[in-house]
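Data block for start-v2.cif (mmCIF, C-alpha atoms):
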```cif
data_start
loop_
_atom_site.label_atom_id
_atom_site.label_comp_id
_atom_site.auth_asym_id
_atom_site.auth_seq_id
_atom_site.Cartn_x
_atom_site.Cartn_y
_atom_site.Cartn_z
CA MET X 1 108.41 51.56 64.36
CA ARG X 2 107.13 50.05 61.12
CA VAL X 3 109.18 47.74 58.95
CA LEU X 4 108.62 46.06 55.64
CA GLU X 5 111.53 43.64 55.96
CA PRO X 6 111.56 41.88 59.34
CA TRP X 7 115.33 41.45 59.57
CA VAL X 8 115.69 45.24 59.74
CA THR X 9 113.75 45.39 63.02
CA ALA X 10 116.50 44.33 65.43
CA PRO X 11 119.29 46.50 63.96
CA LEU X 12 116.97 49.49 63.71
CA THR X 13 115.74 49.05 67.28
CA GLU X 14 119.32 48.96 68.53
CA PHE X 15 120.28 51.96 66.42
CA LEU X 16 117.38 54.02 67.76
CA ARG X 17 118.14 53.06 71.35
CA GLU X 18 121.87 53.76 71.10
CA SER X 19 121.79 56.93 69.02
CA SER X 20 118.70 58.52 70.62
CA ALA X 21 117.53 59.46 67.15
CA ARG X 22 114.06 60.95 66.91
CA LEU X 23 113.07 59.86 63.41
CA ALA X 24 114.52 57.24 61.13
CA LEU X 25 113.71 56.20 57.62
CA VAL X 26 115.30 53.35 55.70
CA MET X 27 114.69 53.21 51.98
CA THR X 28 116.08 51.90 48.74
CA SER X 29 118.10 54.23 46.55
CA SER X 30 114.98 54.74 44.45
CA GLY X 31 113.03 55.96 47.46
CA GLN X 32 111.00 52.84 48.29
CA VAL X 33 110.46 52.77 52.05
CA ILE X 34 111.82 49.74 53.94
CA ALA X 35 111.30 50.89 57.52
CA GLN X 36 110.38 53.98 59.45
CA HIS X 37 110.27 55.16 63.01
CA GLY X 38 108.70 58.31 64.37
CA PHE X 39 106.71 59.47 61.37
CA THR X 40 102.99 59.63 61.99
CA ARG X 41 101.65 60.46 58.55
CA SER X 42 102.23 58.33 55.49
CA VAL X 43 102.47 61.40 53.30
CA ASP X 44 105.43 62.63 55.38
CA VAL X 45 107.18 59.29 54.98
CA MET X 46 106.71 59.26 51.22
CA SER X 47 107.87 62.87 50.90
CA ALA X 48 110.90 62.36 53.12
CA ALA X 49 111.88 59.20 51.25
CA ALA X 50 111.64 60.89 47.89
CA LEU X 51 113.52 63.98 49.06
CA GLY X 52 116.21 61.95 50.85
CA ALA X 53 116.84 59.75 47.83
CA GLY X 54 116.94 62.86 45.66
CA ILE X 55 119.44 64.65 47.89
CA LEU X 56 121.75 61.65 47.96
CA ALA X 57 121.51 61.22 44.18
CA THR X 58 122.37 64.90 43.80
CA THR X 59 125.42 64.73 46.04
CA THR X 60 126.60 61.61 44.22
CA GLU X 61 126.52 63.58 40.97
CA ILE X 62 128.38 66.47 42.60
CA ALA X 63 130.99 63.99 43.84
CA THR X 64 131.51 62.85 40.28
CA MET X 65 131.88 66.46 39.13
CA VAL X 66 134.53 67.25 41.74
CA ASP X 67 136.46 64.08 40.94
CA ALA X 68 135.45 62.14 44.02
CA PRO X 69 134.12 58.96 42.36
CA ALA X 70 133.76 57.14 45.68
CA GLY X 71 131.15 59.72 46.61
CA PHE X 72 130.57 61.30 49.97
CA GLY X 73 129.98 59.17 53.02
CA ALA X 74 127.06 61.13 54.34
CA VAL X 75 125.17 64.37 54.12
CA VAL X 76 124.64 66.18 57.41
CA HIS X 77 122.52 69.23 58.08
CA GLN X 78 122.94 70.60 61.58
CA GLY X 79 120.29 72.96 62.85
CA ALA X 80 119.88 74.69 66.17
CA ALA X 81 117.33 72.20 67.48
CA GLN X 82 117.58 69.24 65.12
CA GLY X 83 120.01 67.70 62.70
CA ILE X 84 119.65 65.39 59.73
CA TRP X 85 121.96 62.51 58.84
CA LEU X 86 121.56 61.06 55.36
CA ALA X 87 123.79 58.26 54.15
CA GLY X 88 123.78 55.32 51.77
CA PHE X 89 125.00 51.83 52.57
CA ASP X 90 125.35 48.60 50.64
CA THR X 91 123.28 45.51 51.36
CA PRO X 92 122.87 42.21 49.51
CA ARG X 93 119.61 43.70 48.21
CA GLY X 94 121.36 46.71 46.72
CA ARG X 95 122.14 50.17 48.00
CA TRP X 96 119.89 51.45 50.74
CA ILE X 97 119.63 54.87 52.31
CA GLY X 98 119.15 55.91 55.89
CA LEU X 99 117.60 59.25 56.84
CA VAL X 100 117.95 60.07 60.53
CA VAL X 101 116.68 63.10 62.43
CA PHE X 102 118.30 63.76 65.79
CA GLY X 103 117.97 66.41 68.47
CA PRO X 104 120.26 67.87 71.12
CA GLU X 105 120.08 64.61 73.11
CA SER X 106 122.34 63.09 70.45
CA THR X 107 125.25 64.20 68.28
CA VAL X 108 126.46 63.76 64.73
CA GLY X 109 129.27 61.62 66.09
CA LEU X 110 126.93 59.22 67.87
CA VAL X 111 124.63 58.93 64.89
CA ARG X 112 127.62 58.32 62.59
CA MET X 113 129.02 55.61 64.84
CA PHE X 114 125.80 53.71 65.43
CA PHE X 115 124.62 54.15 61.84
CA ALA X 116 127.79 52.39 60.67
CA ARG X 117 126.96 49.50 63.03
CA PHE X 118 123.36 49.48 61.85
CA ALA X 119 124.49 49.24 58.22
CA GLU X 120 126.81 46.34 59.04
CA GLN X 121 124.10 44.51 60.96
CA VAL X 122 121.52 44.96 58.22
CA ALA X 123 123.98 43.73 55.58
CA ALA X 124 124.77 40.68 57.71
CA ALA X 125 121.12 39.93 58.47
CA THR X 126 119.79 40.35 54.95
CA PRO X 127 118.77 36.96 53.56
CA ALA X 128 119.88 35.80 50.14
CA VAL X 129 118.09 37.36 47.23
CA VAL X 130 114.82 35.62 46.46
CA PRO X 131 113.80 35.01 42.85
CA VAL X 132 111.70 37.82 41.43
CA ARG X 133 108.08 36.80 41.15
CA ASP X 134 105.80 37.84 38.36
CA VAL X 135 103.60 40.68 39.50
CA LEU X 136 100.07 39.65 38.72
CA ALA X 137 97.32 42.19 38.66
CA GLU X 138 95.22 40.35 41.26
CA GLY X 139 98.17 40.06 43.66
CA PHE X 140 99.63 43.50 43.16
CA GLU X 141 96.95 45.45 44.96
CA ARG X 142 96.92 43.04 47.91
CA GLU X 143 100.72 43.19 48.21
CA LEU X 144 100.64 46.96 48.03
CA ASP X 145 98.01 47.04 50.77
CA ASP X 146 100.09 44.68 52.89
CA SER X 147 103.16 46.88 52.49
CA LEU X 148 101.29 50.05 53.38
CA ARG X 149 99.71 48.34 56.39
CA ALA X 150 103.11 47.20 57.58
CA LEU X 151 104.56 50.69 57.29
CA PHE X 152 101.69 52.79 58.55
CA GLY X 153 99.47 50.45 60.51
CA SER X 154 95.85 49.57 59.85
CA ARG X 155 94.14 51.94 57.48
CA MET Y 1 147.00 78.02 67.26
CA SER Y 2 146.96 75.85 64.14
CA ILE Y 3 145.81 72.27 63.78
CA ALA Y 4 149.45 71.25 63.23
CA ARG Y 5 150.44 72.76 66.58
CA TRP Y 6 147.46 71.11 68.23
CA GLU Y 7 148.57 67.76 66.86
CA ASN Y 8 152.12 68.38 68.12
CA ALA Y 9 150.76 69.06 71.58
CA LEU Y 10 148.62 65.92 71.41
CA ARG Y 11 151.69 63.92 70.40
CA GLU Y 12 153.29 65.09 73.62
CA VAL Y 13 150.43 63.47 75.51
CA THR Y 14 150.64 60.23 73.55
CA ARG Y 15 154.37 60.03 74.33
CA VAL Y 16 153.47 59.28 77.94
CA PRO Y 17 153.88 55.51 78.33
CA GLY Y 18 150.55 53.68 78.27
CA VAL Y 19 148.62 56.40 76.46
CA LEU Y 20 146.79 55.02 73.44
CA GLY Y 21 145.69 58.32 72.04
CA ALA Y 22 144.86 61.94 72.64
CA LEU Y 23 142.38 64.00 70.76
CA ILE Y 24 140.53 67.27 70.67
CA ILE Y 25 136.83 66.75 70.19
CA SER Y 26 133.87 68.98 69.68
CA ALA Y 27 131.49 68.06 72.49
CA ASP Y 28 128.59 69.65 70.63
CA ASP Y 29 128.70 67.21 67.75
CA GLY Y 30 130.91 64.37 68.96
CA LEU Y 31 133.45 64.71 66.17
CA VAL Y 32 137.25 64.65 66.17
CA VAL Y 33 138.90 68.04 65.65
CA ALA Y 34 142.53 66.92 65.97
CA GLU Y 35 144.13 63.69 67.06
CA SER Y 36 147.30 61.76 67.73
CA SER Y 37 146.79 58.09 68.41
CA MET Y 38 147.77 54.49 67.92
CA ASP Y 39 146.16 52.80 64.94
CA GLU Y 40 144.20 50.47 67.18
CA LEU Y 41 142.21 53.32 68.72
CA ALA Y 42 138.96 54.13 66.93
CA THR Y 43 139.20 57.86 67.54
CA ALA Y 44 135.92 58.72 65.83
CA ASP Y 45 134.10 56.35 68.16
CA VAL Y 46 136.02 57.70 71.17
CA ALA Y 47 134.97 61.23 70.23
CA ALA Y 48 131.32 60.26 69.82
CA LEU Y 49 131.12 58.37 73.10
CA SER Y 50 133.19 60.93 75.03
CA ALA Y 51 130.87 63.69 73.88
CA ALA Y 52 127.89 61.64 75.05
CA LEU Y 53 129.60 61.11 78.41
CA ILE Y 54 130.42 64.82 78.73
CA LEU Y 55 126.85 65.76 77.85
CA ARG Y 56 125.48 63.50 80.57
CA ALA Y 57 128.07 64.67 83.09
CA SER Y 58 127.09 68.26 82.32
CA ARG Y 59 123.42 67.45 82.92
CA CYS Y 60 124.30 65.70 86.16
CA MET Y 61 126.34 68.65 87.43
CA SER Y 62 123.65 71.06 86.34
CA ALA Y 63 120.97 69.04 88.16
CA MET Y 64 123.07 69.23 91.32
CA GLY Y 65 123.52 72.95 90.87
CA LYS Y 66 127.29 72.63 90.65
CA GLY Y 67 127.94 74.39 87.35
CA ALA Y 68 129.64 72.91 84.34
CA PRO Y 69 132.19 70.09 84.63
CA GLY Y 70 135.81 71.00 83.99
CA SER Y 71 136.99 67.45 83.62
CA VAL Y 72 135.63 63.93 83.40
CA HIS Y 73 137.65 60.92 84.48
CA LEU Y 74 136.43 57.43 83.74
CA VAL Y 75 138.61 54.68 85.15
CA GLY Y 76 138.01 51.03 84.32
CA ASP Y 77 139.74 47.75 85.16
CA ALA Y 78 142.05 47.91 82.17
CA GLY Y 79 142.21 51.54 81.24
CA ALA Y 80 141.00 55.07 81.63
CA LEU Y 81 139.52 57.95 79.74
CA LEU Y 82 140.43 61.46 80.81
CA ALA Y 83 138.63 64.48 79.40
CA VAL Y 84 139.42 68.10 80.18
CA ALA Y 85 137.36 71.06 79.04
CA GLY Y 86 138.98 73.47 76.61
CA PRO Y 87 137.40 76.56 75.09
CA ALA Y 88 133.79 75.61 74.36
CA PRO Y 89 132.83 73.40 72.67
CA LEU Y 90 136.26 71.76 72.59
CA TRP Y 91 137.40 69.07 75.02
CA LEU Y 92 140.74 67.32 75.27
CA VAL Y 93 140.45 63.58 75.64
CA ALA Y 94 143.07 60.92 76.34
CA VAL Y 95 142.65 57.16 76.41
CA ALA Y 96 145.21 55.17 78.35
CA HIS Y 97 145.99 51.73 79.70
CA GLY Y 98 145.42 51.19 83.40
CA ASP Y 99 149.11 51.32 84.19
CA ALA Y 100 149.72 54.69 82.51
CA GLU Y 101 150.72 57.72 84.57
CA LEU Y 102 147.25 59.18 84.67
CA GLY Y 103 148.28 62.08 86.91
CA ARG Y 104 150.84 63.22 84.36
CA VAL Y 105 148.36 62.83 81.53
CA ARG Y 106 145.82 64.90 83.44
CA LEU Y 107 148.36 67.69 84.00
CA LEU Y 108 149.37 67.71 80.35
CA LEU Y 109 145.75 67.92 79.27
CA ARG Y 110 145.08 70.78 81.67
CA ASP Y 111 148.17 72.68 80.49
CA PHE Y 112 147.15 72.14 76.91
CA ALA Y 113 143.58 73.28 77.61
CA VAL Y 114 144.96 76.58 78.88
CA VAL Y 115 147.05 76.99 75.74
CA LEU Y 116 144.03 76.19 73.58
CA ALA Y 117 142.01 78.92 75.25
#
```
As structure tokens, the full file:
Amino acid sequence: MRVLEPWVTAPLTEFLRESSARLALVMTSSGQVIAQHGFTRSVDVMSAAALGAGILATTTEIATMVDAPAGFGAVVHQGAAQGIWLAGFDTPRGRWIGLVVFGPESTVGLVRMFFARFAEQVAAATPAVVPVRDVLAEGFERELDDSLRALFGSR
Amino acid sequence: MSIARWENALREVTRVPGVLGALIISADDGLVVAESSMDELATADVAALSAALILRASRCMSAMGKGAPGSVHLVGDAGALLAVAGPAPLWLVAVAHGDAELGRVRLLLRDFAVVLA
């Protein structure tokens, strides 16, 4: 597991243990990765994050079109061998998205239940918003490197 | 049989004193198909956890070479969960206090499972 925000570690660890999910990706609604488990290639993480955020944005628009302004709780794709759970949740840092891949050792119901707990725990553990710092050119590259190292290990 | 008739049958189970709720779940995905329960019972969570229990019980039976389970009974200090297999992948599940007439609940679930099939 790789996390960018340390307070996500404990809730995500519990979620993975309880739900038996194979892959998990936590990101902001714009697709910025917060944490990931199970992905081995950074390119897969970036692609999945972008696609997941796009799918959820699309369904939110469809919800508006069909007069369901509250949106849909989750998007689920159930395959023969694997399923995907994609859902947004609110945190003090804004709306985040969880993308979960699960196999026959789990079920949609289990993922739904433990994802709801995960979202509650993350919201409760998220520290107060810190003031936005100016992004300086000399610090930007180092911070980007640090983030990538945290998510994908030493490169 | 329609969902409305299923819910009527489930209400018959919940009328047994001490029964908190009865539901039909899909064991494949751990979701509620039909339900009749007290407000205090988190039926979606019951469905998810019951399906996980049924899955593990099935693996256990299979490992012992005893076929598929027809029912799963989990009895705790303060209550019980009874699950009876219906037509796959459906299962009938009831959650009850410890002092409920579990034998009667079991019979009702079995009768209902036959009707479902």
What are the residues of chain X that have an atom within 9 Å of an atom of chain Y, counting only C-alpha atoms, as a PyMOL selection string?
chain X and resi 104-113
Can you list, as an NGL selection string, the residues that the PyMOL selection byres ((chain Y and resi 22) around 6) selects here?
:Y and (10 or 21 or 23 or 35-36 or 93-94)
Could you check the closest approach to Val95 in chain Y for each of Y:Gly70, Y:Gly79, Y:Gly65, Y:Pro17 and tell me which residue wins, using all atoms listed in the file?
Y:Gly79
Could you work out an axis-aligned box for range 96-107 of chain X, taking every atom the file lists and adding 8 Å on each side, and report centre and edge lengths in Å to one decimal, as AutoDock Vina command-line options?
```
--center_x 121.0 --center_y 59.7 --center_z 61.9 --size_x 24.6 --size_y 32.4 --size_z 38.4
```
Can you spell out as a CSV table (one decimal) with C-alpha atoms, in the frame of the given file the set of residues that the PyMOL selection byres ((chain X and resi 124) around 12) selects in the structure I just provided?
```csv
chain,number,residue,atom,x,y,z
X,7,TRP,CA,115.3,41.4,59.6
X,8,VAL,CA,115.7,45.2,59.7
X,10,ALA,CA,116.5,44.3,65.4
X,11,PRO,CA,119.3,46.5,64.0
X,90,ASP,CA,125.4,48.6,50.6
X,91,THR,CA,123.3,45.5,51.4
X,92,PRO,CA,122.9,42.2,49.5
X,93,ARG,CA,119.6,43.7,48.2
X,117,ARG,CA,127.0,49.5,63.0
X,118,PHE,CA,123.4,49.5,61.8
X,119,ALA,CA,124.5,49.2,58.2
X,120,GLU,CA,126.8,46.3,59.0
X,121,GLN,CA,124.1,44.5,61.0
X,122,VAL,CA,121.5,45.0,58.2
X,123,ALA,CA,124.0,43.7,55.6
X,125,ALA,CA,121.1,39.9,58.5
X,126,THR,CA,119.8,40.4,55.0
X,127,PRO,CA,118.8,37.0,53.6
X,128,ALA,CA,119.9,35.8,50.1
```
Residues near range 54-69 of chain X, anyone? I mean within 9 Å using only C-alpha atoms, not counting same-chain ones fewer than 3 positions away, as a PDB file with C-alpha atoms, in the frame of the given file.
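The resulting file, selection08.pdb, is shown below:
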```
ATOM      1  CA  SER X  29     118.100  54.230  46.550  1.00  0.00           C
ATOM      2  CA  SER X  30     114.980  54.740  44.450  1.00  0.00           C
ATOM      3  CA  GLY X  31     113.030  55.960  47.460  1.00  0.00           C
ATOM      4  CA  ALA X  49     111.880  59.200  51.250  1.00  0.00           C
ATOM      5  CA  ALA X  50     111.640  60.890  47.890  1.00  0.00           C
ATOM      6  CA  LEU X  51     113.520  63.980  49.060  1.00  0.00           C
ATOM      7  CA  PHE X  72     130.570  61.300  49.970  1.00  0.00           C
ATOM      8  CA  ALA X  74     127.060  61.130  54.340  1.00  0.00           C
ATOM      9  CA  VAL X  75     125.170  64.370  54.120  1.00  0.00           C
ATOM     10  CA  LEU X  86     121.560  61.060  55.360  1.00  0.00           C
ATOM     11  CA  ALA X  87     123.790  58.260  54.150  1.00  0.00           C
ATOM     12  CA  GLY X  88     123.780  55.320  51.770  1.00  0.00           C
ATOM     13  CA  ILE X  97     119.630  54.870  52.310  1.00  0.00           C
TER      14      ILE X  97
END
```
Which residue of Y:Leu108, Y:Leu20, Y:Val13, Y:Val33 approaches Pro89 in chain Y most closely, using only C-alpha atoms
Y:Val33
Figure out the distance between CA of Gly103 in chain X and CA of Ala80 in chain X, please, to one decimal in Å.
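Pair CA of Ala80 in chain X / CA of Gly103 in chain X returns 8.8 Å.
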